[in-house]
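Structure data follow from coords-v2.txt (compact mmCIF, C-alpha atoms):
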# COMPACT_ATOMS: atom_id res chain seq x y z
CA MET A 1156 -23.43 -111.02 -110.64
CA ASP A 1157 -24.22 -112.58 -107.29
CA VAL A 1158 -23.75 -109.92 -104.60
CA LEU A 1159 -23.32 -106.16 -104.29
CA CYS A 1160 -21.68 -105.60 -100.91
CA ILE A 1161 -21.76 -102.02 -99.59
CA GLY A 1162 -19.88 -100.47 -96.69
CA LEU A 1163 -16.57 -100.26 -94.90
CA ALA A 1164 -13.20 -101.04 -96.45
CA VAL A 1165 -10.57 -100.53 -93.76
CA CYS A 1166 -6.84 -100.99 -93.42
CA ASP A 1167 -6.32 -102.86 -90.13
CA LEU A 1168 -3.11 -102.59 -88.15
CA VAL A 1169 -3.33 -105.57 -85.80
CA ALA A 1170 -1.23 -105.68 -82.62
CA ARG A 1171 -1.09 -108.72 -80.31
CA PRO A 1172 -0.99 -109.20 -77.36
CA VAL A 1173 -2.09 -105.88 -75.84
CA ASP A 1174 -3.99 -105.31 -72.60
CA ALA A 1175 -4.86 -102.35 -70.39
CA SER A 1176 -1.54 -102.56 -68.53
CA ALA A 1177 0.23 -101.26 -71.64
CA PHE A 1178 -0.98 -97.77 -70.78
CA ARG A 1179 0.89 -97.90 -67.47
CA ARG A 1180 4.24 -98.41 -69.21
CA ASP A 1181 6.37 -96.28 -71.48
CA SER A 1182 6.88 -99.13 -73.96
CA THR A 1183 5.50 -102.64 -74.48
CA ARG A 1184 6.96 -105.34 -76.72
CA ILE A 1185 4.38 -107.30 -78.72
CA ASP A 1186 4.64 -110.58 -80.56
CA THR A 1187 2.78 -109.66 -83.73
CA LEU A 1188 2.12 -106.55 -85.80
CA LEU A 1189 0.17 -107.12 -89.00
CA MET A 1190 -1.27 -104.92 -91.75
CA ALA A 1191 -4.42 -106.52 -93.11
CA CYS A 1192 -7.76 -105.93 -94.80
CA GLY A 1193 -10.64 -104.99 -92.54
CA GLY A 1194 -14.07 -103.43 -92.49
CA ASP A 1195 -17.36 -105.33 -92.41
CA ALA A 1196 -18.15 -105.06 -96.11
CA LEU A 1197 -14.64 -105.88 -97.35
CA ASN A 1198 -14.35 -108.82 -94.94
CA ALA A 1199 -17.72 -110.25 -95.96
CA SER A 1200 -16.89 -109.73 -99.64
CA ALA A 1201 -13.65 -111.66 -99.26
CA GLY A 1202 -15.38 -114.53 -97.49
CA MET A 1203 -18.12 -114.82 -100.12
CA SER A 1204 -15.57 -114.62 -102.93
CA ALA A 1205 -13.56 -117.42 -101.30
CA LEU A 1206 -16.74 -119.53 -101.37
CA GLY A 1207 -17.16 -118.98 -105.10
CA LEU A 1208 -19.59 -116.06 -105.30
CA ASP A 1209 -19.17 -113.19 -107.77
CA VAL A 1210 -18.95 -110.18 -105.43
CA THR A 1211 -18.80 -106.46 -106.21
CA LEU A 1212 -17.73 -104.13 -103.41
CA ALA A 1213 -19.02 -100.55 -103.17
CA ALA A 1214 -16.86 -98.46 -100.85
CA ARG A 1215 -14.47 -95.50 -100.71
CA VAL A 1216 -10.72 -95.45 -100.08
CA GLY A 1217 -8.24 -92.59 -100.02
CA ARG A 1218 -5.53 -91.93 -102.57
CA ASP A 1219 -2.75 -93.06 -100.25
CA PRO A 1220 -0.56 -96.12 -99.54
CA MET A 1221 -3.22 -97.76 -97.37
CA GLY A 1222 -5.79 -97.35 -100.14
CA ASP A 1223 -3.34 -98.84 -102.65
CA PHE A 1224 -2.86 -101.79 -100.31
CA LEU A 1225 -6.60 -102.43 -100.04
CA LEU A 1226 -7.11 -102.18 -103.80
CA SER A 1227 -4.33 -104.68 -104.45
CA GLU A 1228 -5.80 -107.03 -101.84
CA MET A 1229 -9.24 -106.79 -103.47
CA ASP A 1230 -7.65 -107.90 -106.74
CA ARG A 1231 -5.86 -110.77 -105.02
CA LEU A 1232 -9.07 -111.87 -103.30
CA GLY A 1233 -11.12 -111.85 -106.53
CA ILE A 1234 -13.44 -109.01 -105.49
CA ARG A 1235 -14.79 -106.74 -108.22
CA ARG A 1236 -13.83 -103.17 -107.31
CA ASP A 1237 -15.24 -101.06 -110.15
CA ARG A 1238 -17.60 -99.51 -107.55
CA VAL A 1239 -14.78 -98.65 -105.13
CA LEU A 1240 -14.17 -94.91 -105.36
CA VAL A 1241 -10.67 -93.52 -104.80
CA THR A 1242 -11.12 -90.21 -103.00
CA ASN A 1243 -8.69 -87.28 -103.02
CA GLY A 1244 -7.98 -85.26 -99.92
CA VAL A 1245 -8.94 -87.85 -97.28
CA THR A 1246 -7.16 -90.84 -95.82
CA THR A 1247 -8.25 -94.44 -96.20
CA ALA A 1248 -10.22 -95.66 -93.19
CA THR A 1249 -7.82 -97.25 -90.72
CA SER A 1250 -8.21 -99.23 -87.49
CA LEU A 1251 -5.66 -100.01 -84.83
CA VAL A 1252 -6.80 -103.46 -83.67
CA LEU A 1253 -5.57 -104.27 -80.16
CA VAL A 1254 -5.90 -107.99 -79.45
CA ASP A 1255 -5.41 -109.41 -75.96
CA ALA A 1256 -3.99 -112.81 -75.05
CA SER A 1257 -7.46 -114.42 -75.04
CA GLY A 1258 -8.21 -113.24 -78.58
CA GLU A 1259 -10.64 -110.46 -77.68
CA ARG A 1260 -10.06 -107.21 -79.56
CA HIS A 1261 -10.63 -103.47 -79.33
CA PHE A 1262 -10.67 -101.09 -82.30
CA LEU A 1263 -9.32 -97.56 -82.53
CA TYR A 1264 -11.05 -96.41 -85.72
CA HIS A 1265 -10.54 -93.48 -88.09
CA GLY A 1266 -13.33 -93.26 -90.69
CA GLY A 1267 -11.62 -91.19 -93.37
CA ALA A 1268 -12.93 -91.87 -96.88
CA ASN A 1269 -15.61 -94.28 -95.67
CA ASP A 1270 -17.45 -91.42 -94.00
CA ARG A 1271 -18.13 -89.95 -97.45
CA LEU A 1272 -19.81 -93.01 -98.99
CA ALA A 1273 -23.28 -91.85 -100.04
CA LEU A 1274 -26.38 -93.00 -101.91
CA ALA A 1275 -25.20 -91.13 -105.02
CA ASP A 1276 -22.12 -93.39 -105.15
CA LEU A 1277 -24.20 -96.54 -105.58
CA PRO A 1278 -25.45 -98.05 -108.87
CA LEU A 1279 -29.17 -97.67 -108.17
CA ASP A 1280 -29.99 -98.02 -111.86
CA ARG A 1281 -28.09 -101.33 -112.04
CA LEU A 1282 -29.27 -103.11 -108.90
CA SER A 1283 -31.16 -105.65 -111.00
CA ASP A 1284 -27.72 -106.92 -112.10
CA PHE A 1285 -27.32 -108.43 -108.62
CA ALA A 1286 -29.14 -111.26 -106.86
CA VAL A 1287 -28.28 -109.94 -103.38
CA VAL A 1288 -27.70 -106.40 -102.08
CA HIS A 1289 -25.92 -106.47 -98.73
CA VAL A 1290 -25.00 -103.49 -96.56
CA GLY A 1291 -22.26 -104.61 -94.22
CA SER A 1292 -21.52 -101.58 -92.09
CA ALA A 1293 -24.66 -99.69 -91.13
CA MET A 1294 -24.17 -97.43 -88.08
CA ALA A 1295 -20.70 -96.39 -89.34
CA LEU A 1296 -21.71 -94.96 -92.74
CA ASP A 1297 -22.23 -91.28 -91.98
CA GLY A 1298 -23.20 -90.50 -95.57
CA LEU A 1299 -25.73 -93.35 -95.92
CA ASP A 1300 -27.26 -94.21 -92.53
CA GLY A 1301 -30.84 -93.12 -91.89
CA PRO A 1302 -33.42 -92.30 -94.59
CA ASP A 1303 -30.98 -92.94 -97.47
CA LEU A 1304 -30.43 -96.48 -96.23
CA GLY A 1305 -34.18 -96.98 -96.50
CA ARG A 1306 -34.14 -95.55 -100.02
CA LEU A 1307 -31.36 -97.95 -101.02
CA PHE A 1308 -33.28 -100.98 -99.78
CA ALA A 1309 -36.50 -99.78 -101.40
CA ALA A 1310 -34.66 -99.56 -104.73
CA ALA A 1311 -33.14 -103.00 -104.20
CA LYS A 1312 -36.55 -104.57 -103.52
CA THR A 1313 -38.02 -102.87 -106.58
CA ALA A 1314 -35.14 -104.35 -108.60
CA GLY A 1315 -36.03 -107.84 -107.34
CA CYS A 1316 -32.96 -108.30 -105.11
CA THR A 1317 -32.70 -110.18 -101.86
CA THR A 1318 -31.71 -107.59 -99.26
CA SER A 1319 -29.35 -108.17 -96.36
CA LEU A 1320 -28.14 -105.93 -93.54
CA ASP A 1321 -25.39 -106.11 -90.94
CA VAL A 1322 -24.47 -103.36 -88.51
CA THR A 1323 -21.46 -102.26 -86.52
CA TRP A 1324 -21.10 -100.36 -83.26
CA ASP A 1325 -22.91 -97.00 -83.22
CA ALA A 1326 -20.66 -94.55 -81.40
CA SER A 1327 -23.40 -91.88 -81.65
CA GLY A 1328 -25.93 -93.97 -79.74
CA ARG A 1329 -28.72 -93.39 -82.29
CA TRP A 1330 -29.09 -97.11 -83.12
CA LEU A 1331 -32.72 -97.72 -84.21
CA GLU A 1332 -32.96 -94.28 -85.79
CA LYS A 1333 -30.19 -95.17 -88.23
CA VAL A 1334 -31.86 -98.34 -89.57
CA ALA A 1335 -35.59 -97.76 -88.96
CA ASP A 1336 -36.30 -96.75 -92.56
CA ALA A 1337 -34.49 -99.80 -93.92
CA LEU A 1338 -35.89 -102.57 -91.68
CA PRO A 1339 -39.28 -102.95 -93.43
CA ARG A 1340 -37.39 -103.84 -96.62
CA VAL A 1341 -34.75 -106.14 -95.11
CA ASP A 1342 -35.00 -109.83 -95.97
CA VAL A 1343 -32.05 -110.90 -93.79
CA PHE A 1344 -30.76 -109.02 -90.73
CA LEU A 1345 -27.53 -110.23 -89.10
CA PRO A 1346 -26.64 -108.21 -85.96
CA ASN A 1347 -24.75 -109.51 -82.98
CA ALA A 1348 -26.47 -109.69 -79.59
CA ASP A 1349 -25.01 -106.42 -78.26
CA GLU A 1350 -26.12 -104.54 -81.38
CA ALA A 1351 -29.56 -106.14 -81.34
CA LEU A 1352 -29.99 -105.19 -77.67
CA ARG A 1353 -29.39 -101.53 -78.45
CA ILE A 1354 -31.58 -101.52 -81.54
CA THR A 1355 -34.53 -103.33 -79.99
CA GLY A 1356 -34.24 -102.69 -76.25
CA GLU A 1357 -34.83 -106.41 -75.71
CA ARG A 1358 -32.42 -108.53 -73.66
CA ASP A 1359 -33.08 -112.03 -74.96
CA PRO A 1360 -32.79 -113.24 -78.57
CA VAL A 1361 -36.46 -114.24 -78.78
CA GLY A 1362 -37.59 -110.72 -77.88
CA MET A 1363 -35.00 -109.19 -80.20
CA ALA A 1364 -36.20 -111.27 -83.13
CA ASP A 1365 -39.88 -110.57 -82.41
CA PHE A 1366 -39.16 -106.82 -82.35
CA LEU A 1367 -37.34 -107.05 -85.70
CA HIS A 1368 -40.14 -109.09 -87.29
CA ARG A 1369 -42.68 -106.48 -86.19
CA ARG A 1370 -40.53 -103.91 -87.99
CA GLY A 1371 -40.68 -105.98 -91.18
CA VAL A 1372 -37.54 -108.13 -91.11
CA ARG A 1373 -38.23 -111.51 -92.70
CA LEU A 1374 -35.27 -113.48 -91.37
CA ALA A 1375 -33.17 -112.57 -88.31
CA ALA A 1376 -29.88 -114.28 -87.52
CA ILE A 1377 -28.58 -112.88 -84.23
CA LYS A 1378 -24.92 -113.72 -83.65
CA LEU A 1379 -24.26 -115.01 -80.12
CA GLY A 1380 -20.50 -115.62 -80.22
CA GLU A 1381 -19.51 -118.87 -78.52
CA ARG A 1382 -23.21 -119.85 -78.24
CA GLY A 1383 -23.72 -119.88 -82.02
CA CYS A 1384 -26.65 -117.84 -83.32
CA TYR A 1385 -30.39 -117.43 -82.83
CA LEU A 1386 -32.28 -117.85 -86.09
CA SER A 1387 -35.86 -116.65 -86.45
CA GLU A 1388 -38.19 -116.60 -89.46
CA ALA A 1389 -41.22 -114.31 -89.55
CA GLY A 1390 -44.63 -115.94 -89.31
CA GLU A 1391 -47.54 -116.51 -86.96
CA PRO A 1392 -45.91 -117.33 -84.61
CA PRO A 1393 -42.29 -116.68 -85.66
CA ALA A 1394 -40.17 -119.82 -85.95
CA GLY A 1395 -37.05 -119.33 -83.82
CA ARG A 1396 -34.30 -121.70 -82.75
CA LEU A 1397 -30.74 -121.72 -81.48
CA ILE A 1398 -28.20 -122.91 -84.05
CA PRO A 1399 -25.21 -124.43 -82.24
CA PRO A 1400 -21.63 -123.26 -82.75
CA VAL A 1401 -19.06 -125.18 -84.72
CA ALA A 1402 -16.25 -125.19 -82.18
CA PRO A 1403 -12.75 -124.02 -83.22
CA ALA A 1404 -9.57 -125.76 -82.15
CA ARG A 1405 -8.41 -122.52 -80.47
CA VAL A 1406 -9.28 -118.84 -80.23
CA LEU A 1407 -6.46 -116.59 -81.46
CA ASP A 1408 -8.28 -113.43 -82.62
CA THR A 1409 -12.03 -112.72 -82.78
CA THR A 1410 -11.57 -109.89 -85.32
CA GLY A 1411 -13.87 -110.42 -88.31
CA ALA A 1412 -15.75 -113.41 -86.88
CA GLY A 1413 -19.12 -111.77 -87.40
CA ASP A 1414 -18.23 -110.88 -90.99
CA ALA A 1415 -17.14 -114.46 -91.63
CA PHE A 1416 -20.53 -115.61 -90.33
CA VAL A 1417 -22.25 -113.22 -92.74
CA ALA A 1418 -20.19 -114.53 -95.65
CA GLY A 1419 -21.03 -118.15 -94.92
CA PHE A 1420 -24.70 -117.42 -94.27
CA LEU A 1421 -25.23 -115.37 -97.45
CA ALA A 1422 -23.24 -117.79 -99.60
CA GLY A 1423 -25.50 -120.60 -98.43
CA LEU A 1424 -28.64 -118.53 -98.94
CA HIS A 1425 -27.60 -117.63 -102.48
CA ARG A 1426 -27.04 -121.32 -103.24
CA GLY A 1427 -30.57 -122.13 -102.10
CA LEU A 1428 -29.89 -123.65 -98.69
CA ALA A 1429 -32.51 -123.52 -95.95
CA PRO A 1430 -31.82 -120.87 -93.29
CA GLY A 1431 -30.75 -123.43 -90.66
CA ASP A 1432 -28.04 -124.81 -92.93
CA CYS A 1433 -26.99 -121.26 -93.83
CA ALA A 1434 -26.53 -120.56 -90.12
CA LEU A 1435 -24.42 -123.69 -89.65
CA LEU A 1436 -22.25 -122.64 -92.58
CA GLY A 1437 -21.92 -119.18 -91.04
CA ASN A 1438 -20.99 -120.62 -87.64
CA ALA A 1439 -18.34 -122.79 -89.27
CA ALA A 1440 -16.87 -119.79 -91.11
CA ALA A 1441 -16.75 -117.77 -87.88
CA SER A 1442 -14.99 -120.61 -86.07
CA ARG A 1443 -12.37 -120.82 -88.80
CA CYS A 1444 -11.84 -117.06 -88.60
CA ILE A 1445 -11.18 -116.88 -84.87
CA GLY A 1446 -8.47 -119.54 -85.10
CA CYS A 1447 -6.30 -117.17 -87.17
CA LEU A 1448 -4.86 -113.68 -86.72
CA GLY A 1449 -6.61 -110.85 -88.59
CA ALA A 1450 -10.08 -110.69 -90.10
CA LEU A 1451 -9.00 -112.53 -93.25
CA GLY A 1452 -6.32 -114.76 -91.78
CA GLY A 1453 -8.66 -117.73 -92.02
CA LEU A 1454 -10.54 -117.30 -95.28
CA PRO A 1455 -12.97 -120.18 -95.70
CA THR A 1456 -12.84 -123.04 -98.14
CA LEU A 1457 -16.06 -124.85 -98.88
CA GLU A 1458 -14.64 -128.27 -98.10
CA GLY A 1459 -13.12 -127.00 -94.86
CA LEU A 1460 -16.47 -125.60 -93.72
CA VAL A 1461 -18.38 -128.71 -94.76
CA THR A 1462 -15.94 -130.91 -92.86
CA ALA A 1463 -16.33 -128.72 -89.77
CA VAL A 1464 -20.14 -128.88 -89.97
CA GLU A 1465 -20.04 -132.63 -90.47
CA GLY A 1466 -17.87 -133.23 -87.43
CA SER A 1467 -19.07 -130.63 -84.94
CA ALA A 1468 -22.70 -129.69 -85.42
CA GLU A 1469 -25.82 -131.46 -84.23
CA ASN A 1470 -27.14 -133.51 -87.18
CA GLY A 1471 -23.94 -132.44 -88.94
CA ARG A 1472 -23.73 -135.19 -91.53
CA PRO A 1473 -27.09 -134.52 -93.23
CA ALA A 1474 -26.40 -130.78 -93.17
CA ALA A 1475 -22.95 -131.31 -94.69
CA ARG A 1476 -24.47 -133.39 -97.47
CA ARG A 1477 -27.05 -130.70 -98.25
CA ILE A 1478 -24.36 -128.00 -98.32
CA ARG A 1479 -22.18 -129.99 -100.73
CA GLU A 1480 -25.13 -130.63 -103.02
CA ALA A 1481 -26.18 -126.98 -103.06
CA PHE A 1482 -22.73 -125.80 -104.06
CA ARG A 1483 -22.44 -128.44 -106.80
CA LYS A 1484 -25.48 -127.14 -108.67
CA PRO A 1485 -24.91 -125.46 -112.06
CA GLY A 1486 -23.42 -122.04 -111.56
CA SER A 1487 -21.79 -123.03 -108.24

As structure tokens - that is how I would like this structure written.
Amino acid sequence: MDVLCIGLAVCDLVARPVDASAFRRDSTRIDTLLMACGGDALNASAGMSALGLDVTLAARVGRDPMGDFLLSEMDRLGIRRDRVLVTNGVTTATSLVLVDASGERHFLYHGGANDRLALADLPLDRLSDFAVVHVGSAMALDGLDGPDLGRLFAAAKTAGCTTSLDVTWDASGRWLEKVADALPRVDVFLPNADEALRITGERDPVGMADFLHRRGVRLAAIKLGERGCYLSEAGEPPAGRLIPPVAPARVLDTTGAGDAFVAGFLAGLHRGLAPGDCALLGNAAASRCIGCLGALGGLPTLEGLVTAVEGSAENGRPAARRIREAFRKPGS
């Protein structure tokens, strides 16, 4: 199997448009209310599955209607869910996603079953079955963050896996403490700029990446939103560069854009692409995502991403050709 993806599986209730003025009124009519899949790990799993990877999700859901919805969506999306635990006595993690007219969003999050995901739930004795072990929701995994996250990545490296880490917002403010044990064993780290600022204390992407390399991270891809991403490979000196965005036609909803980037990046890495092409593929997936409502409203297709890279990115045509060739190899 290609990827074990660990972390949040969330039922999103998406409302649009909503802004701060809603709290000054008794009632506000909205244009759209949508129930959808969410959570960093589930979103990234869906994106990688759409690009042809064999993905197993490890998560927890409650035994309730929202959990049933997520399980049925996992089946529809082609995600293996034999490592998704259905938990009695707690609700499925749920987010109210408030999206304003510009597409920016704010989450009201209830952790529920996700808060109970722990190291003991993971197939540590079977990690060698997977090429990549990705944790998609560090900072919001109360039962796994900290030393156990380090133990998971140590086991994954011993099993010969490529290790990958993405984080979400840390409401506790502990940031570096939650990932410090894992970073020396992380091959690919994919935070956004706000998260990297709080983990590293550095304010520019070059300083952020240098800090992460000193902690042991081999490859850092720092998501910069509309500016694309900053990609840096460890070495003496580190090799860092800005990878330009692949511009969308419009911005409807930024929910899940970072997870779409992760899916495109890891799919490219698994197919043997160089990191720069992986970042272009990730940028294209993020651009597709933000043109649709909901985290999975714009699931990628390979040809759609290749076409976007070809038409929008600097040196897009050679990159598009390399991406097509990588995905045409046996096993693609």

Using all atoms listed in the file, which of A:Ala1439, A:Leu1159, A:Ala1311, A:Leu1421 sits nearest Val1210 in chain A? A:Leu1159

Nearest residue to Leu1168 in chain A from the set A:Leu1397, A:Ala1389, A:His1265, A:Asp1230 (distances using all atoms listed in the file): A:His1265

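Proximity to Leu1206 in chain A was assessed for A:Phe1308, A:Phe1285, A:Phe1344, A:Phe1482 counting all atoms listed in the file; the smallest distance is recorded for A:Phe1482.
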
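Residues with any atom within 7 Å of Leu1345 in chain A, counting all atoms listed in the file and excluding same-chain neighbours fewer than 4 positions away, are A:Leu1320, A:Asp1321, A:Ala1375, A:Ala1376, A:Ile1377, A:Lys1378.
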
Only C-alpha atoms, please: the residues just picked out, written as a PDB file, in the frame of the given file.
ATOM      1  CA  LEU A1320     -28.140-105.930 -93.540  1.00  0.00           C
ATOM      2  CA  ASP A1321     -25.390-106.110 -90.940  1.00  0.00           C
ATOM      3  CA  ALA A1375     -33.170-112.570 -88.310  1.00  0.00           C
ATOM      4  CA  ALA A1376     -29.880-114.280 -87.520  1.00  0.00           C
ATOM      5  CA  ILE A1377     -28.580-112.880 -84.230  1.00  0.00           C
ATOM      6  CA  LYS A1378     -24.920-113.720 -83.650  1.00  0.00           C
TER       7      LYS A1378
END

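Here CA of Pro1172 in chain A stands at a distance of 24.7 Å from CA of Arg1382 in chain A.
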